[in-house]
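**Q** My file is entry_18.cif. It has mmCIF, C-alpha atoms:
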data_work
loop_
_atom_site.group_PDB
_atom_site.id
_atom_site.type_symbol
_atom_site.label_atom_id
_atom_site.label_comp_id
_atom_site.auth_asym_id
_atom_site.auth_seq_id
_atom_site.Cartn_x
_atom_site.Cartn_y
_atom_site.Cartn_z
ATOM 1 C CA MET A 1 -12.833 -5.637 -23.945
ATOM 2 C CA ALA A 2 -16.124 -7.471 -23.954
ATOM 3 C CA GLU A 3 -18.699 -5.601 -21.964
ATOM 4 C CA PRO A 4 -21.847 -7.315 -20.800
ATOM 5 C CA ASP A 5 -25.065 -6.006 -22.266
ATOM 6 C CA ALA A 6 -26.258 -3.442 -19.755
ATOM 7 C CA GLY A 7 -29.790 -3.244 -21.039
ATOM 8 C CA ALA A 8 -31.952 -0.180 -21.432
ATOM 9 C CA ARG A 9 -29.404 2.543 -22.098
ATOM 10 C CA PRO A 10 -26.311 0.934 -23.539
ATOM 11 C CA GLY A 11 -25.033 4.183 -25.096
ATOM 12 C CA ASP A 12 -25.245 6.020 -21.807
ATOM 13 C CA ASP A 13 -23.626 3.124 -20.013
ATOM 14 C CA ARG A 14 -20.688 3.115 -22.354
ATOM 15 C CA THR A 15 -20.189 6.869 -22.014
ATOM 16 C CA LEU A 16 -20.538 7.311 -18.298
ATOM 17 C CA GLY A 17 -19.701 3.796 -17.212
ATOM 18 C CA LEU A 18 -21.534 0.618 -16.409
ATOM 19 C CA PRO A 19 -23.649 0.478 -13.269
ATOM 20 C CA ALA A 20 -21.416 -0.006 -10.288
ATOM 21 C CA ALA A 21 -21.316 -3.175 -8.283
ATOM 22 C CA GLU A 22 -23.035 -2.677 -4.954
ATOM 23 C CA SER A 23 -20.645 -3.252 -2.144
ATOM 24 C CA THR A 24 -21.450 -6.447 -0.335
ATOM 25 C CA SER A 25 -20.168 -7.822 2.907
ATOM 26 C CA ALA A 26 -17.910 -10.086 0.880
ATOM 27 C CA ASP A 27 -16.124 -6.986 -0.362
ATOM 28 C CA THR A 28 -14.312 -6.340 2.867
ATOM 29 C CA GLY A 29 -10.929 -4.831 2.546
ATOM 30 C CA THR A 30 -9.318 -1.526 3.347
ATOM 31 C CA ALA A 31 -8.483 -0.914 -0.327
ATOM 32 C CA ARG A 32 -11.970 -1.503 -1.734
ATOM 33 C CA GLY A 33 -14.626 1.063 -2.576
ATOM 34 C CA PRO A 34 -14.109 4.350 -0.723
ATOM 35 C CA GLY A 35 -10.954 2.815 0.712
ATOM 36 C CA ARG A 36 -9.393 2.920 -2.722
ATOM 37 C CA VAL A 37 -9.948 6.686 -2.840
ATOM 38 C CA LEU A 38 -8.202 6.960 0.509
ATOM 39 C CA VAL A 39 -5.279 4.853 -0.715
ATOM 40 C CA ALA A 40 -5.053 7.040 -3.834
ATOM 41 C CA VAL A 41 -4.868 10.268 -1.820
ATOM 42 C CA TYR A 42 -2.374 8.732 0.609
ATOM 43 C CA GLY A 43 -0.312 7.520 -2.330
ATOM 44 C CA VAL A 44 -0.209 10.995 -3.886
ATOM 45 C CA PHE A 45 0.913 12.472 -0.583
ATOM 46 C CA ALA A 46 3.507 9.757 -0.017
ATOM 47 C CA VAL A 47 5.056 10.406 -3.431
ATOM 48 C CA ALA A 48 4.812 14.204 -3.210
ATOM 49 C CA ALA A 49 6.168 14.462 0.338
ATOM 50 C CA GLY A 50 8.814 11.822 -0.333
ATOM 51 C CA ALA A 51 10.145 13.447 -3.499
ATOM 52 C CA ARG A 52 10.180 16.854 -1.881
ATOM 53 C CA ALA A 53 11.963 15.609 1.233
ATOM 54 C CA ALA A 54 14.540 13.723 -0.832
ATOM 55 C CA VAL A 55 15.422 16.818 -2.858
ATOM 56 C CA GLN A 56 15.546 19.055 0.218
ATOM 57 C CA LEU A 57 17.694 16.671 2.228
ATOM 58 C CA ALA A 58 20.060 16.071 -0.667
ATOM 59 C CA LEU A 59 20.537 19.638 -1.872
ATOM 60 C CA GLN A 60 19.822 22.081 0.929
ATOM 61 C CA PHE A 61 19.856 20.224 4.231
ATOM 62 C CA ASP A 62 21.691 23.070 6.048
ATOM 63 C CA GLU A 63 19.031 25.670 5.334
ATOM 64 C CA ALA A 64 16.321 24.234 7.569
ATOM 65 C CA PRO A 65 17.272 20.807 8.940
ATOM 66 C CA LEU A 66 14.297 20.533 11.304
ATOM 67 C CA ALA A 67 11.711 21.285 8.612
ATOM 68 C CA TYR A 68 13.316 18.919 6.125
ATOM 69 C CA LEU A 69 13.623 16.090 8.619
ATOM 70 C CA LEU A 70 9.969 16.590 9.514
ATOM 71 C CA SER A 71 9.064 16.455 5.822
ATOM 72 C CA ALA A 72 10.970 13.198 5.504
ATOM 73 C CA LEU A 73 9.254 11.790 8.597
ATOM 74 C CA ALA A 74 5.867 12.787 7.190
ATOM 75 C CA ALA A 75 6.717 11.104 3.894
ATOM 76 C CA VAL A 76 7.661 7.855 5.655
ATOM 77 C CA ILE A 77 4.425 7.908 7.671
ATOM 78 C CA TYR A 78 2.351 8.499 4.527
ATOM 79 C CA LEU A 79 4.161 5.619 2.849
ATOM 80 C CA VAL A 80 3.495 3.272 5.788
ATOM 81 C CA ALA A 81 -0.181 4.311 5.917
ATOM 82 C CA THR A 82 -0.541 3.773 2.160
ATOM 83 C CA ALA A 83 1.033 0.325 2.378
ATOM 84 C CA GLY A 84 -1.083 -0.667 5.400
ATOM 85 C CA LEU A 85 -4.328 0.466 3.767
ATOM 86 C CA ALA A 86 -3.447 -1.177 0.461
ATOM 87 C CA ARG A 87 -2.548 -4.467 2.125
ATOM 88 C CA GLY A 88 -5.501 -4.667 4.474
ATOM 89 C CA GLY A 89 -6.149 -7.598 6.745
ATOM 90 C CA ARG A 90 -5.541 -7.493 10.480
ATOM 91 C CA GLY A 91 -1.852 -6.611 10.170
ATOM 92 C CA GLY A 92 -2.396 -3.977 7.494
ATOM 93 C CA ARG A 93 -5.159 -2.359 9.532
ATOM 94 C CA ARG A 94 -2.980 -2.242 12.635
ATOM 95 C CA THR A 95 -0.062 -0.720 10.702
ATOM 96 C CA ALA A 96 -2.300 1.853 9.036
ATOM 97 C CA THR A 97 -4.003 2.745 12.336
ATOM 98 C CA ALA A 98 -0.648 3.410 13.984
ATOM 99 C CA ALA A 99 0.507 5.496 11.018
ATOM 100 C CA CYS A 100 -2.708 7.529 10.926
ATOM 101 C CA ALA A 101 -2.542 8.144 14.692
ATOM 102 C CA ILE A 102 1.079 9.344 14.507
ATOM 103 C CA GLU A 103 0.125 11.464 11.516
ATOM 104 C CA LEU A 104 -2.745 13.112 13.404
ATOM 105 C CA VAL A 105 -0.493 13.871 16.388
ATOM 106 C CA GLY A 106 2.166 15.164 13.999
ATOM 107 C CA VAL A 107 -0.079 17.505 12.057
ATOM 108 C CA LEU A 108 -1.626 18.889 15.260
ATOM 109 C CA THR A 109 1.756 19.341 16.972
ATOM 110 C CA VAL A 110 3.621 20.813 14.015
ATOM 111 C CA GLY A 111 0.603 22.906 13.048
ATOM 112 C CA THR A 112 0.422 24.444 16.524
ATOM 113 C CA LEU A 113 4.182 24.949 16.808
ATOM 114 C CA SER A 114 4.459 26.512 13.361
ATOM 115 C CA LEU A 115 1.836 29.084 14.277
ATOM 116 C CA ALA A 116 3.202 29.694 17.790
ATOM 117 C CA ASP A 117 6.848 29.951 16.755
ATOM 118 C CA PRO A 118 7.176 30.645 13.019
ATOM 119 C CA ALA A 119 10.915 31.308 13.384
ATOM 120 C CA ALA A 120 11.518 27.650 14.204
ATOM 121 C CA PHE A 121 10.076 26.675 10.810
ATOM 122 C CA PRO A 122 11.775 28.895 8.213
ATOM 123 C CA ASP A 123 10.785 26.537 5.443
ATOM 124 C CA SER A 124 7.328 25.054 5.548
ATOM 125 C CA THR A 125 6.576 21.358 5.901
ATOM 126 C CA VAL A 126 3.537 19.403 4.827
ATOM 127 C CA TRP A 127 2.163 19.834 8.322
ATOM 128 C CA SER A 128 2.857 23.568 8.850
ATOM 129 C CA GLY A 129 -0.262 25.566 9.693
ATOM 130 C CA TYR A 130 -2.227 22.285 9.984
ATOM 131 C CA GLY A 131 -1.518 21.613 6.313
ATOM 132 C CA SER A 132 -2.903 24.958 5.105
ATOM 133 C CA GLY A 133 -0.453 24.881 2.185
ATOM 134 C CA TYR A 134 -2.097 21.672 1.002
ATOM 135 C CA GLY A 135 -5.749 22.613 1.389
ATOM 136 C CA PHE A 136 -5.831 21.174 4.927
ATOM 137 C CA ILE A 137 -5.858 17.709 3.381
ATOM 138 C CA PRO A 138 -3.052 16.603 5.764
ATOM 139 C CA LEU A 139 -5.411 17.402 8.652
ATOM 140 C CA ALA A 140 -8.429 15.627 7.144
ATOM 141 C CA LEU A 141 -6.588 12.513 5.925
ATOM 142 C CA PRO A 142 -5.712 10.897 9.268
ATOM 143 C CA VAL A 143 -9.233 11.537 10.603
ATOM 144 C CA LEU A 144 -10.833 9.956 7.536
ATOM 145 C CA GLY A 145 -8.292 7.152 7.667
ATOM 146 C CA LEU A 146 -9.003 6.336 11.298
ATOM 147 C CA LEU A 147 -12.782 6.429 10.715
ATOM 148 C CA TRP A 148 -12.440 4.109 7.712
ATOM 149 C CA LEU A 149 -10.184 1.732 9.619
ATOM 150 C CA ARG A 150 -12.627 1.615 12.528
ATOM 151 C CA HIS A 151 -15.456 0.817 10.124
ATOM 152 C CA GLN A 152 -13.376 -1.923 8.492
ATOM 153 C CA ALA A 153 -12.500 -3.417 11.879
ATOM 154 C CA GLU A 154 -16.213 -3.498 12.770
ATOM 155 C CA VAL A 155 -17.048 -5.246 9.503
ATOM 156 C CA ALA A 156 -14.309 -7.786 10.096
ATOM 157 C CA ALA A 157 -15.501 -8.410 13.662
ATOM 158 C CA GLU A 158 -19.081 -8.885 12.446
ATOM 159 C CA GLN A 159 -17.973 -11.427 9.926
ATOM 160 C CA ALA A 160 -15.965 -13.305 12.522
ATOM 161 C CA GLU A 161 -19.001 -13.279 14.840
ATOM 162 C CA THR A 162 -21.433 -14.712 12.316
ATOM 163 C CA GLY A 163 -18.915 -17.450 11.667
ATOM 164 C CA GLN A 164 -18.929 -16.777 7.972
ATOM 165 C CA ASN A 165 -16.556 -19.412 6.784
ATOM 166 C CA SER A 166 -16.554 -18.580 3.143
ATOM 167 C CA PRO A 167 -14.134 -20.771 1.307
ATOM 168 C CA PRO A 168 -11.061 -18.926 0.093
ATOM 169 C CA PRO A 169 -11.107 -18.167 -3.617
ATOM 170 C CA PRO A 170 -9.191 -20.691 -5.658
ATOM 171 C CA LYS A 171 -5.795 -19.151 -6.211
ATOM 172 C CA SER A 172 -4.047 -22.047 -7.893
ATOM 173 C CA PRO A 173 -5.379 -24.462 -10.455
ATOM 174 C CA PRO A 174 -6.681 -27.693 -8.997
ATOM 175 C CA PRO A 175 -4.040 -30.359 -8.542
ATOM 176 C CA PRO A 176 -3.517 -32.517 -11.579
ATOM 177 C CA LYS A 177 -5.466 -35.697 -11.635
ATOM 178 C CA SER A 178 -3.501 -38.655 -10.467
ATOM 179 C CA PRO A 179 -2.862 -41.074 -13.280
ATOM 180 C CA PRO A 180 -5.045 -44.145 -13.277
ATOM 181 C CA SER A 181 -3.366 -46.732 -11.129
ATOM 182 C CA ALA A 182 -4.624 -49.722 -12.985
ATOM 183 C CA GLU A 183 -4.184 -50.174 -16.668
ATOM 184 C CA MET B 1 8.433 29.073 -23.115
ATOM 185 C CA PRO B 2 7.194 25.485 -23.269
ATOM 186 C CA VAL B 3 5.619 25.450 -19.829
ATOM 187 C CA THR B 4 3.312 28.339 -20.632
ATOM 188 C CA THR B 5 0.362 29.611 -18.715
ATOM 189 C CA ALA B 6 -1.843 28.810 -21.727
ATOM 190 C CA LEU B 7 -0.791 25.155 -21.774
ATOM 191 C CA VAL B 8 -1.175 24.855 -18.015
ATOM 192 C CA VAL B 9 -4.618 26.495 -18.097
ATOM 193 C CA GLY B 10 -5.711 24.141 -20.886
ATOM 194 C CA ALA B 11 -4.488 21.075 -19.017
ATOM 195 C CA THR B 12 -6.102 22.311 -15.807
ATOM 196 C CA VAL B 13 -9.463 22.661 -17.552
ATOM 197 C CA LEU B 14 -9.144 19.111 -18.917
ATOM 198 C CA ALA B 15 -8.134 17.794 -15.497
ATOM 199 C CA GLY B 16 -11.109 19.583 -13.949
ATOM 200 C CA ALA B 17 -13.417 18.004 -16.524
ATOM 201 C CA VAL B 18 -12.036 14.534 -15.753
ATOM 202 C CA ALA B 19 -12.480 15.138 -12.023
ATOM 203 C CA LEU B 20 -16.086 16.275 -12.575
ATOM 204 C CA LEU B 21 -16.841 13.235 -14.753
ATOM 205 C CA GLY B 22 -15.394 11.038 -12.020
ATOM 206 C CA ALA B 23 -17.549 12.704 -9.386
ATOM 207 C CA LEU B 24 -20.575 12.306 -11.665
ATOM 208 C CA SER B 25 -20.128 8.548 -12.020
ATOM 209 C CA THR B 26 -19.747 8.198 -8.285
ATOM 210 C CA LEU B 27 -22.973 10.168 -7.768
ATOM 211 C CA LEU B 28 -24.780 8.099 -10.433
ATOM 212 C CA ARG B 29 -23.404 4.872 -8.923
ATOM 213 C CA ARG B 30 -21.517 3.936 -12.048
ATOM 214 C CA ARG B 31 -18.071 2.730 -12.928
ATOM 215 C CA ILE B 32 -15.951 4.753 -15.314
ATOM 216 C CA GLY B 33 -16.803 4.751 -19.029
ATOM 217 C CA GLN B 34 -15.635 6.064 -22.368
ATOM 218 C CA ALA B 35 -16.089 9.709 -21.420
ATOM 219 C CA HIS B 36 -13.529 9.278 -18.638
ATOM 220 C CA LEU B 37 -11.108 7.463 -20.899
ATOM 221 C CA VAL B 38 -11.376 10.129 -23.621
ATOM 222 C CA GLY B 39 -10.936 12.929 -21.069
ATOM 223 C CA ALA B 40 -7.947 11.255 -19.451
ATOM 224 C CA ALA B 41 -6.396 10.548 -22.876
ATOM 225 C CA ALA B 42 -6.769 14.203 -23.917
ATOM 226 C CA LEU B 43 -5.207 15.297 -20.642
ATOM 227 C CA GLU B 44 -2.363 12.845 -21.091
ATOM 228 C CA LEU B 45 -1.738 14.124 -24.612
ATOM 229 C CA VAL B 46 -1.352 17.716 -23.395
ATOM 230 C CA LEU B 47 0.937 16.577 -20.581
ATOM 231 C CA VAL B 48 3.180 14.597 -22.943
ATOM 232 C CA VAL B 49 3.397 17.550 -25.361
ATOM 233 C CA GLN B 50 4.312 19.812 -22.457
ATOM 234 C CA ALA B 51 6.917 17.356 -21.170
ATOM 235 C CA VAL B 52 8.545 17.023 -24.592
ATOM 236 C CA LEU B 53 8.644 20.812 -25.067
ATOM 237 C CA ALA B 54 10.090 21.271 -21.585
ATOM 238 C CA VAL B 55 12.819 18.658 -22.098
ATOM 239 C CA VAL B 56 13.748 20.265 -25.424
ATOM 240 C CA ALA B 57 14.005 23.670 -23.737
ATOM 241 C CA LEU B 58 16.063 22.186 -20.890
ATOM 242 C CA ALA B 59 18.419 20.665 -23.442
ATOM 243 C CA GLY B 60 18.540 24.067 -25.104
ATOM 244 C CA GLY B 61 19.819 25.726 -21.963
ATOM 245 C CA HIS B 62 16.766 26.781 -19.909
ATOM 246 C CA ARG B 63 17.653 26.157 -16.281
ATOM 247 C CA PRO B 64 15.034 26.479 -13.552
ATOM 248 C CA VAL B 65 16.666 27.015 -10.150
ATOM 249 C CA GLU B 66 15.227 23.757 -8.869
ATOM 250 C CA THR B 67 15.862 21.647 -11.934
ATOM 251 C CA THR B 68 15.794 18.344 -9.999
ATOM 252 C CA THR B 69 12.417 19.096 -8.451
ATOM 253 C CA PHE B 70 11.118 20.301 -11.796
ATOM 254 C CA LEU B 71 12.094 17.045 -13.512
ATOM 255 C CA ALA B 72 10.596 14.956 -10.696
ATOM 256 C CA TYR B 73 7.303 16.821 -11.005
ATOM 257 C CA LEU B 74 7.382 16.606 -14.793
ATOM 258 C CA GLY B 75 7.831 12.828 -14.720
ATOM 259 C CA THR B 76 5.216 12.268 -12.024
ATOM 260 C CA VAL B 77 2.586 14.452 -13.661
ATOM 261 C CA VAL B 78 2.828 12.444 -16.900
ATOM 262 C CA LEU B 79 2.393 9.146 -15.048
ATOM 263 C CA LEU B 80 -0.540 10.227 -12.864
ATOM 264 C CA PRO B 81 -3.415 10.011 -15.423
ATOM 265 C CA VAL B 82 -2.167 6.609 -16.611
ATOM 266 C CA GLY B 83 -1.998 5.283 -13.074
ATOM 267 C CA GLY B 84 -5.380 6.778 -12.222
ATOM 268 C CA VAL B 85 -7.099 5.183 -15.229
ATOM 269 C CA LEU B 86 -5.532 1.756 -14.655
ATOM 270 C CA TRP B 87 -6.480 1.741 -11.019
ATOM 271 C CA ALA B 88 -9.980 3.120 -11.578
ATOM 272 C CA ARG B 89 -10.728 0.493 -14.234
ATOM 273 C CA SER B 90 -9.984 -2.310 -11.825
ATOM 274 C CA GLU B 91 -12.377 -0.913 -9.212
ATOM 275 C CA PRO B 92 -15.881 -2.426 -9.594
ATOM 276 C CA THR B 93 -17.651 -0.054 -7.200
ATOM 277 C CA ARG B 94 -18.862 3.471 -7.836
ATOM 278 C CA TRP B 95 -15.709 4.881 -6.244
ATOM 279 C CA ALA B 96 -13.762 4.226 -9.444
ATOM 280 C CA GLY B 97 -14.620 7.714 -10.723
ATOM 281 C CA THR B 98 -13.456 9.369 -7.514
ATOM 282 C CA VAL B 99 -10.121 7.546 -7.711
ATOM 283 C CA LEU B 100 -9.625 8.955 -11.213
ATOM 284 C CA GLY B 101 -10.728 12.369 -9.937
ATOM 285 C CA VAL B 102 -8.070 12.312 -7.221
ATOM 286 C CA ALA B 103 -5.412 11.712 -9.870
ATOM 287 C CA ALA B 104 -6.804 14.526 -12.039
ATOM 288 C CA VAL B 105 -6.861 17.028 -9.164
ATOM 289 C CA ALA B 106 -3.303 16.054 -8.247
ATOM 290 C CA VAL B 107 -2.285 16.720 -11.872
ATOM 291 C CA ALA B 108 -3.888 20.177 -11.792
ATOM 292 C CA VAL B 109 -2.157 21.129 -8.546
ATOM 293 C CA MET B 110 1.218 19.853 -9.745
ATOM 294 C CA LEU B 111 0.926 21.739 -13.051
ATOM 295 C CA TRP B 112 0.741 25.095 -11.295
ATOM 296 C CA ARG B 113 3.695 24.161 -9.131
ATOM 297 C CA LEU B 114 5.562 23.184 -12.335
ATOM 298 C CA LEU B 115 4.806 26.577 -13.827
ATOM 299 C CA GLN B 116 6.198 28.312 -10.717
ATOM 300 C CA LEU B 117 9.347 26.202 -10.846
ATOM 301 C CA TRP B 118 9.800 26.832 -14.558
ATOM 302 C CA GLU B 119 9.615 30.595 -14.262
ATOM 303 C CA VAL B 120 12.216 30.908 -11.500
ATOM 304 C CA THR B 121 15.552 30.842 -13.288
ATOM 305 C CA ARG B 122 19.011 31.914 -12.283
ATOM 306 C CA GLY B 123 20.277 35.265 -13.525
#
Write the structure described by the file as structure tokens, please.

**A**
Amino acid sequence: MAEPDAGARPGDDRTLGLPAAESTSADTGTARGPGRVLVAVYGVFAVAAGARAAVQLALQFDEAPLAYLLSALAAVIYLVATAGLARGGRGGRRTATAACAIELVGVLTVGTLSLADPAAFPDSTVWSGYGSGYGFIPLALPVLGLLWLRHQAEVAAEQAETGQNSPPPPKSPPPPKSPPSAE
Amino acid sequence: MPVTTALVVGATVLAGAVALLGALSTLLRRRIGQAHLVGAAALELVLVVQAVLAVVALAGGHRPVETTTFLAYLGTVVLLPVGGVLWARSEPTRWAGTVLGVAAVAVAVMLWRLLQLWEVTRG
């Protein structure tokens, strides 16, 4: 991989990484910059919760149906939020906002219920005890997600306001030249 | 015992180092560099060795109670550093290191869960 000459401290740059690109207004997107960290965490939770729910539902559904169904629901919501954040755009933002909102309500509801009535939740879910089994990340994620989505919506609105009609990046090669009509 | 505490502790230390390097690049406003790649490669090596040893032991008759879950975790944990590196390399902002760090922390957490699963056997 050809790396551009970074100047004063090339050795240091190669070890710890080249200087990062500053985020510019052109870099809008829910999956860019800090958004990519959010998508990564959501992705980990989608896979972890999904795999766990699949095993529980397949092998031991009778033991705690409510908890396992809740785990499956949580997994689906994480998956939808991950997809919405990764896709971005107006539709992706709307999908992700809905998923994060449901997730926040879910973690608060299940967290409260699991503490008020532990007998109803014999086997823990991702959301039990406000996600205390997962370092409270399930509680922090939807809040961070909603804040990030609000910020992204503001950026998008600003761009629409300033009428920034940047031409779309060329995605396909230019059309082939028409053959000369006259010989 | 292929999934030993020693192996898990070693991998956890490596994962922690990768996560710290990732945090460092984010703080220094840098992308990821060779140090991250070397750290992630070392971590991956330990994980592959552990996976091979575990599969050999499973074939030899070791049966954790939750074998399905164990295998799912084992497969995922091997893929995580690879996915983290690929995705971090394509991120031009300083958050690349944090993305890799998220993958490394997830690996560390999953390793301890793997160890739990491995030690619970029937009979």

**Q** Using the chain letters and numbers from the file, which residues does the PyMOL selection byres ((chain A) within 10 of (chain B)) grab, as a VMD selection string?

**A** chain A and resid 11 to 23 27 31 to 41 44 to 45 47 to 48 51 to 52 54 to 56 59 134

**Q** When distances are computed from all atoms listed in the file, which of A:Ala53, A:Leu104, A:Thr97, A:Ile77 shows the smallest separation from His151 of chain A?

**A**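 For His151 of chain A, the nearest of the given residues is A:Thr97.
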
**Q** Apply the PyMOL selection byres ((chain A and resi 147) around 12) to the structure shown and report the selected residues as a ChimeraX atom specification.

**A** /A:30,34-35,38,93,96-97,100-101,140-146,148-154

**Q** Could you jot down the atom CA of Gly29 of chain A to atom CA of Arg90 of chain A separation for me, Å, one decimal place?

**A**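 The value is 10.0 Å.
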
**Q** Residues within 6 Å of (-0.4, 9.7, 4.1), file coordinates, counting only C-alpha atoms: what are they? Give the list as number ranges by chain.

**A** A: 42, 45-46, 78, 81

**Q** To one decimal place, how far is atom CA of Glu44 of chain B from atom CA of Leu79 of chain B in Å?

**A**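 Atom CA of Leu79 of chain B lies at a distance of 8.5 Å from atom CA of Glu44 of chain B.
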
**Q** Run the PyMOL selection byres ((chain B and resi 5) around 12) against the file shown and list the residues it catches, as a VMD selection string.

**A** chain B and resid 1 to 4 6 to 12 50 111 to 116 118 to 119

**Q** Please report the interatomic distance between atom CA of Ala72 of chain A and atom CA of Phe136 of chain A in Å with one decimal.

**A** 18.6 Å
